[in-house]
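Student: Once you've had a glance at the structure underneath, I'll fire off some questions.
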Amino acid sequence: MTSLDDTLKIAGRTFRSRLMVGTGKYADFRQMVQSLDASGAEIVTVAVRRVNISDRNKESLLDHIDLKKYTLLPNTAGCFTADEAVRTCRLAREAGLSDFVKLEVLGDQKTLFPDNEELLKAAAILVKEGFTVLPYTSDDPIMCKKLEDLGCAAVMPLGAPIGSGLGIRNPFNIRIILETVKVPVIVDAGVGTASDAAIAMELGCDGVLMNTAISGAADPVAMAEAMNLAVRAGRLAYRSGRIPRKLYATASSPLEGVIG
């Protein structure tokens, strides 16, 4: 089985890359552009509340993103209520960004964990208004199922707190989520290095979204390339079928027929 026929499908859209990347925290726009290119990503997230979309006479992050190459995924970073998140998504659509949105409704400033009650409220409204909703949520199978039932196009459980770099802290919950929902499962938040991304993909996740792991690295462009390779390798390993874990050794070269 090869990776050539393996594509990610979200709400009728098809993508070759399973890595999604953010656009914040880079030293400058040049570094951001180079990192996006090295990542091989096709979907890039943009924080609507932190981007100039009202005065196009002033320089904006959007001036540096090739919209023929990338699909924009506006996100509601910094929103703490359903009302804030819904208004932000409506603003993004009115500004011509996209109705393909990453929905974040945060619970507090310290942990940046999602407020799932407010998230459900916002998701229900946005789905009814025709948005394609990709919600950032906790690694809770019940919550992910509720979001799927509302009509969300994917679920995006956290691997660890946003920007923590702790990696996949609860792989068992992620595995249960994968068994619980039929929509794509995309790990969002907590990835620190390439091995974390590979683990997410080896679990069977459909994709990984990250920002700080790349933009905060000592060499963001090189790390973007590493993440590109890790996501591809992890996906191919998952599809290849790993050997079972065993307590004792199994000889690579069987002893049967060996001349004594």
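Identifiers in this document derive from the order of the structure tokens: chains are assigned A, B, ..., residues are numbered from 1 separately in each chain, and ligands are numbered from 1 in order of occurrence.
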Using only C-alpha atoms, which protein or nucleic acid residues come within 9 Å of A:Arg50? Drop anything in the same chain fewer than 3 positions from it, and give the result as a PyMOL selection string.

Tutor: chain A and resi 46-47+77-78

Student: Could you give me, as a PyMOL selection string, each residue of stretch 140-240 of chain A that DSSP assigns to strand (DSSP E or B) when run on this structure's backbone?

Tutor: chain A and resi 155-157+185-188+207-210

Student: Counting only C-alpha atoms, which residues in stretch 131-183 of chain A sit no more than 9 Å from stretch 213-233 of chain A? For each one, give the nearest pair of atoms and the distance in Å, sorted by chain then residue number, as a tab-separated table.

Tutor:
residue	atom	partner	partner_atom	distance
A:Gly163	CA	A:Ala213	CA	7.3
A:Ser164	CA	A:Ala213	CA	8.8
A:Gly165	CA	A:Ala213	CA	6.7

Student: Could you list, with a cut-off of 10 Å and counting only C-alpha atoms, the residues of stretch 126-187 of chain A near stretch 191-197 of chain A, each shown with its nearest atom pair and the distance in Å rounded to one decimal, rows sorted by chain and ascending number, as CSV?

Tutor:
residue,atom,partner,partner_atom,distance
A:Leu158,CA,A:Val191,CA,9.1
A:Gly159,CA,A:Val191,CA,6.8
A:Ala160,CA,A:Val191,CA,7.3
A:Pro161,CA,A:Val191,CA,9.1
A:Ile162,CA,A:Val191,CA,8.5
A:Gly163,CA,A:Val191,CA,7.7
A:Ser164,CA,A:Gly192,CA,7.4
A:Gly165,CA,A:Gly192,CA,3.7
A:Leu166,CA,A:Gly192,CA,6.1
A:Gly167,CA,A:Val191,CA,4.6
A:Ile168,CA,A:Asp196,CA,6.4
A:Arg169,CA,A:Asp196,CA,9.8
A:Val187,CA,A:Val191,CA,8.6

Student: Write a file of the just-selected residues containing N, CA, C and O atoms, as a CSV table (one decimal), in the first residue's frame.

Tutor:
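That gives us result.csv:
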chain,number,residue,atom,x,y,z
A,158,LEU,N,-7.3,18.4,21.7
A,158,LEU,CA,-5.9,18.8,22.0
A,158,LEU,C,-5.0,17.6,22.4
A,158,LEU,O,-5.5,16.6,22.9
A,159,GLY,N,-3.8,17.7,22.0
A,159,GLY,CA,-2.8,16.7,22.5
A,159,GLY,C,-2.3,17.0,23.9
A,159,GLY,O,-2.0,16.1,24.7
A,160,ALA,N,-2.2,18.3,24.1
A,160,ALA,CA,-1.7,18.9,25.4
A,160,ALA,C,-2.1,20.4,25.3
A,160,ALA,O,-2.5,20.8,24.3
A,161,PRO,N,-1.9,21.1,26.4
A,161,PRO,CA,-2.3,22.5,26.4
A,161,PRO,C,-1.6,23.3,25.2
A,161,PRO,O,-0.5,23.0,24.9
A,162,ILE,N,-2.3,24.3,24.7
A,162,ILE,CA,-1.8,25.1,23.6
A,162,ILE,C,-0.4,25.6,23.9
A,162,ILE,O,-0.2,26.2,25.0
A,163,GLY,N,0.6,25.4,23.0
A,163,GLY,CA,1.9,26.0,23.2
A,163,GLY,C,2.8,25.3,24.2
A,163,GLY,O,3.9,25.8,24.5
A,164,SER,N,2.3,24.2,24.8
A,164,SER,CA,3.0,23.6,25.9
A,164,SER,C,4.2,22.7,25.4
A,164,SER,O,5.2,22.5,26.1
A,165,GLY,N,4.1,22.2,24.2
A,165,GLY,CA,5.1,21.3,23.7
A,165,GLY,C,5.2,20.0,24.4
A,165,GLY,O,6.2,19.3,24.3
A,166,LEU,N,4.1,19.6,25.1
A,166,LEU,CA,4.2,18.4,25.9
A,166,LEU,C,3.9,17.1,25.1
A,166,LEU,O,4.1,16.0,25.6
A,167,GLY,N,3.4,17.2,23.9
A,167,GLY,CA,3.2,16.1,23.1
A,167,GLY,C,1.8,15.5,23.4
A,167,GLY,O,1.0,16.1,24.0
A,168,ILE,N,1.6,14.2,22.9
A,168,ILE,CA,0.3,13.6,23.1
A,168,ILE,C,0.3,13.0,24.5
A,168,ILE,O,0.9,11.9,24.8
A,169,ARG,N,-0.4,13.7,25.4
A,169,ARG,CA,-0.4,13.3,26.8
A,169,ARG,C,-1.4,12.1,27.1
A,169,ARG,O,-1.2,11.4,28.1
A,187,VAL,N,-5.4,16.2,15.6
A,187,VAL,CA,-4.8,16.7,16.9
A,187,VAL,C,-4.4,18.1,16.7
A,187,VAL,O,-3.7,18.5,15.8

Student: Grab the atom CA of A:Glu42 to atom CA of A:Leu103 distance for me, in Å with one decimal place.

Tutor: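 According to the coordinates, atom CA of A:Glu42 and atom CA of A:Leu103 are separated by 18.5 Å.
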
Student: Write out as a PyMOL selection string which residues come within 7 Å of stretch 17-29 of chain A when counting only C-alpha atoms, dropping same-chain ones fewer than 4 positions away.

Tutor: chain A and resi 8+33+40-46+64+206-211+215+228+231

Student: Create the file for the chosen residues now, containing all heavy atoms and written as a short mmCIF file (atom, residue, chain, number, x, y, z; two decimals), in the first residue's frame.

Tutor:
data_model
loop_
_atom_site.label_atom_id
_atom_site.label_comp_id
_atom_site.auth_asym_id
_atom_site.auth_seq_id
_atom_site.Cartn_x
_atom_site.Cartn_y
_atom_site.Cartn_z
N LEU A 8 -6.64 13.50 2.44
CA LEU A 8 -7.49 13.92 3.55
C LEU A 8 -8.72 14.61 2.97
O LEU A 8 -8.59 15.53 2.16
CB LEU A 8 -6.72 14.89 4.45
CG LEU A 8 -7.53 15.59 5.55
CD1 LEU A 8 -8.12 14.58 6.53
CD2 LEU A 8 -6.64 16.60 6.28
N VAL A 33 6.63 32.71 5.57
CA VAL A 33 6.44 32.19 4.21
C VAL A 33 7.35 31.00 3.95
O VAL A 33 6.92 29.97 3.40
CB VAL A 33 6.69 33.30 3.17
CG1 VAL A 33 6.71 32.72 1.76
CG2 VAL A 33 5.61 34.37 3.27
N GLY A 40 4.96 21.95 3.69
CA GLY A 40 4.15 21.22 2.73
C GLY A 40 2.66 21.32 3.00
O GLY A 40 1.86 20.66 2.33
N ALA A 41 2.27 22.14 3.97
CA ALA A 41 0.86 22.26 4.34
C ALA A 41 0.06 22.91 3.21
O ALA A 41 0.57 23.70 2.43
CB ALA A 41 0.72 23.08 5.62
N GLU A 42 -1.22 22.57 3.16
CA GLU A 42 -2.14 23.20 2.22
C GLU A 42 -3.18 24.03 2.95
O GLU A 42 -3.82 24.90 2.36
CB GLU A 42 -2.85 22.13 1.39
CG GLU A 42 -1.92 21.36 0.46
CD GLU A 42 -2.61 20.18 -0.16
OE1 GLU A 42 -2.69 19.12 0.49
OE2 GLU A 42 -3.10 20.33 -1.29
N ILE A 43 -3.37 23.76 4.24
CA ILE A 43 -4.30 24.53 5.07
C ILE A 43 -3.51 25.34 6.08
O ILE A 43 -2.67 24.79 6.81
CB ILE A 43 -5.28 23.60 5.81
CG1 ILE A 43 -6.12 22.80 4.82
CG2 ILE A 43 -6.18 24.40 6.75
CD1 ILE A 43 -7.02 21.77 5.47
N VAL A 44 -3.74 26.65 6.13
CA VAL A 44 -3.07 27.50 7.11
C VAL A 44 -4.11 28.27 7.91
O VAL A 44 -5.10 28.75 7.36
CB VAL A 44 -2.07 28.48 6.45
CG1 VAL A 44 -0.97 27.72 5.75
CG2 VAL A 44 -2.77 29.42 5.48
N THR A 45 -3.89 28.35 9.21
CA THR A 45 -4.83 29.05 10.08
C THR A 45 -4.42 30.50 10.25
O THR A 45 -3.22 30.82 10.30
CB THR A 45 -4.93 28.38 11.45
OG1 THR A 45 -3.69 28.53 12.15
CG2 THR A 45 -5.26 26.91 11.31
N VAL A 46 -5.42 31.35 10.37
CA VAL A 46 -5.21 32.78 10.56
C VAL A 46 -6.13 33.24 11.69
O VAL A 46 -7.34 33.01 11.63
CB VAL A 46 -5.54 33.57 9.27
CG1 VAL A 46 -5.40 35.06 9.51
CG2 VAL A 46 -4.63 33.14 8.13
N HIS A 64 0.94 38.18 2.49
CA HIS A 64 2.09 37.30 2.33
C HIS A 64 1.70 35.83 2.17
O HIS A 64 2.57 34.96 2.12
CB HIS A 64 3.03 37.46 3.53
CG HIS A 64 3.53 38.86 3.70
ND1 HIS A 64 4.68 39.31 3.10
CD2 HIS A 64 3.01 39.92 4.39
CE1 HIS A 64 4.87 40.58 3.40
NE2 HIS A 64 3.87 40.97 4.19
N ASP A 206 -6.23 11.73 11.55
CA ASP A 206 -6.29 12.13 10.14
C ASP A 206 -5.39 13.31 9.83
O ASP A 206 -5.09 13.56 8.65
CB ASP A 206 -7.74 12.47 9.79
CG ASP A 206 -8.64 11.26 9.93
OD1 ASP A 206 -8.68 10.44 8.99
OD2 ASP A 206 -9.30 11.12 10.98
N GLY A 207 -4.97 14.03 10.85
CA GLY A 207 -4.10 15.17 10.62
C GLY A 207 -3.61 15.76 11.93
O GLY A 207 -4.03 15.34 13.02
N VAL A 208 -2.71 16.73 11.81
CA VAL A 208 -2.16 17.43 12.96
C VAL A 208 -2.11 18.92 12.63
O VAL A 208 -1.72 19.30 11.52
CB VAL A 208 -0.74 16.95 13.31
CG1 VAL A 208 -0.22 17.66 14.56
CG2 VAL A 208 -0.71 15.45 13.53
N LEU A 209 -2.52 19.74 13.58
CA LEU A 209 -2.42 21.19 13.41
C LEU A 209 -1.47 21.72 14.46
O LEU A 209 -1.55 21.35 15.63
CB LEU A 209 -3.80 21.84 13.55
CG LEU A 209 -3.87 23.33 13.15
CD1 LEU A 209 -5.27 23.68 12.65
CD2 LEU A 209 -3.49 24.26 14.29
N MET A 210 -0.56 22.61 14.05
CA MET A 210 0.40 23.17 14.99
C MET A 210 0.81 24.57 14.57
O MET A 210 0.71 24.95 13.42
CB MET A 210 1.64 22.27 15.07
CG MET A 210 2.41 22.19 13.76
SD MET A 210 3.78 21.01 13.81
CE MET A 210 2.91 19.45 13.78
N ASN A 211 1.31 25.33 15.55
CA ASN A 211 1.87 26.65 15.28
C ASN A 211 3.16 26.84 16.05
O ASN A 211 4.24 26.91 15.49
CB ASN A 211 0.85 27.74 15.64
CG ASN A 211 1.28 29.13 15.20
OD1 ASN A 211 0.46 30.04 15.17
ND2 ASN A 211 2.52 29.35 14.85
N SER A 215 6.94 27.80 14.80
CA SER A 215 7.35 29.20 14.89
C SER A 215 8.25 29.48 16.10
O SER A 215 9.05 30.40 16.08
CB SER A 215 6.12 30.12 14.96
OG SER A 215 5.35 29.85 16.12
N ASN A 228 6.81 18.12 8.42
CA ASN A 228 6.31 17.62 7.15
C ASN A 228 6.66 16.13 7.02
O ASN A 228 5.80 15.28 6.74
CB ASN A 228 6.94 18.44 6.01
CG ASN A 228 6.45 18.04 4.63
OD1 ASN A 228 5.70 17.09 4.45
ND2 ASN A 228 6.90 18.78 3.63
N VAL A 231 4.84 13.83 9.80
CA VAL A 231 3.43 13.54 9.54
C VAL A 231 3.29 12.50 8.42
O VAL A 231 2.50 11.56 8.51
CB VAL A 231 2.67 14.84 9.20
CG1 VAL A 231 1.29 14.54 8.63
CG2 VAL A 231 2.54 15.71 10.44
#

Student: Nearest to A:Pro74 among A:Lys102, A:Arg90, A:Lys58, A:Lys182, with distances taken over only C-alpha atoms: which residue is it?

Tutor: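 Selected residue with least distance to A:Pro74: A:Lys102.
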
Student: Nearest residue to A:Val183 out of A:Val86, A:Ile10, A:Leu97, A:Val51, using only C-alpha atoms?

Tutor: A:Ile10
